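Novice: Structure provided below as structure tokens; questions to follow.
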Amino acid sequence: MEKKITQIDLVKEYFIKHPNKNIPHPEVVDWCVLEWHKRTKSVFRDLDRAIRTLAQKGFLIKIKKGIYKYDPKQAKTNKQKDFTAKQKKIILKRDKYKCAICGKGEKEGIELHVDHIIPKALGGKAVIENGQVLCSQHNFLKKNFNQTETAKKMFIHLYELTKVKGAKTLNDFSAEILKVFEKYGINGHIEWEK
């Protein structure tokens, strides 16, 4: 009896046929939707989730938003692990039980998370040096934006706030950081008004 193919199996099949190639999301979607319908006579549901799941498990490498790559060598050796309870305790203690972004923590009744600085989906390992404490709000923001997007948005907010408050030194500092984003072409899709 032939094993019934799953949607994740089909996504894997496509990437395996195209190793070490940066593949834009639409290319995968087009092929998977047509192939799934051809094989099963049904509609492929939630392709995004299948791709994200494979990236989170270390099968795919997220190159940037909407672009993934399958590297056979990394897929075989990439063990995507969470921090152990012991590692979490060490990281929490090292970071003084406070969010690395806002500084709030247990004293303020804030829920804290131990987060991978380099996300697992981008090859980040579960080692203490790759751990940081984030409050639930900032951990949620980081999951929705990559770290450089989150940082740029925070500096834009700081820039605008210090402009209104008249905090010239901090405003100049924020502007310089934002210019560095521009200099290196990082997150140009996120605009700031000078």
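Naming scheme: A, B, ... for chains in displayed order of the structure tokens; residues 1 onward per chain; ligands 1 onward as shown.
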When DSSP is applied to the backbone of this structure, which of region 2-113 of chain A are assigned helix (DSSP H, G or I)? Write them out as a ChimeraX atom specification.
Specialist: /A:7-17,25-40,47-56,72-77,85-94,106-108
Novice: When you look at region 43-46 of chain A with a cut-off of 7 Å (counting only C-alpha atoms), what residues show up, excluding the ones that are within fewer than 5 positions of it in the same chain? I need them as a VMD selection string.
Specialist: chain A and resid 33 36 to 37
Novice: Would you output that residue set with C-alpha atoms, as a PDB file, in the first residue's frame?
Specialist:
ATOM      1  CA  VAL A  33      -0.991  24.113  -5.533  1.00  0.00           C
ATOM      2  CA  TRP A  36      -1.436  18.861  -4.997  1.00  0.00           C
ATOM      3  CA  HIS A  37      -4.579  19.246  -7.070  1.00  0.00           C
TER       4      HIS A  37
END
Novice: Of the residues A:Asp71, A:Glu160, A:Glu182, A:Asp82, which is the one nearest to Phe15 (chain A), using only C-alpha atoms?
Specialist: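 Closest to Phe15 (chain A), using only C-alpha atoms: A:Asp71.
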Novice: Among region 74-190 of chain A, which ones does DSSP assign to strand (DSSP E or B) (computed from the backbone)? Answer as number ranges by chain.
Specialist: A: 98, 105, 112-116, 131-135
Novice: Which residues, written as a CSV table (one decimal) with C-alpha atoms, in the first residue's frame, have at least one atom at most 7 Å from region 111-117 of chain A, with only C-alpha atoms counted and residues fewer than 4 positions away on the same chain left out?
Specialist:
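Result saved to result_11.csv:
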chain,number,residue,atom,x,y,z
A,88,LYS,CA,16.7,29.1,30.7
A,105,GLY,CA,10.5,42.1,34.3
A,124,GLY,CA,20.2,29.8,15.7
A,130,ASN,CA,22.3,32.8,21.7
A,131,GLY,CA,19.7,33.4,24.4
A,132,GLN,CA,18.1,36.6,25.6
A,133,VAL,CA,15.2,37.4,27.9
A,134,LEU,CA,12.3,39.2,26.3
A,135,CYS,CA,8.9,40.2,27.7
A,136,SER,CA,5.9,38.5,26.0
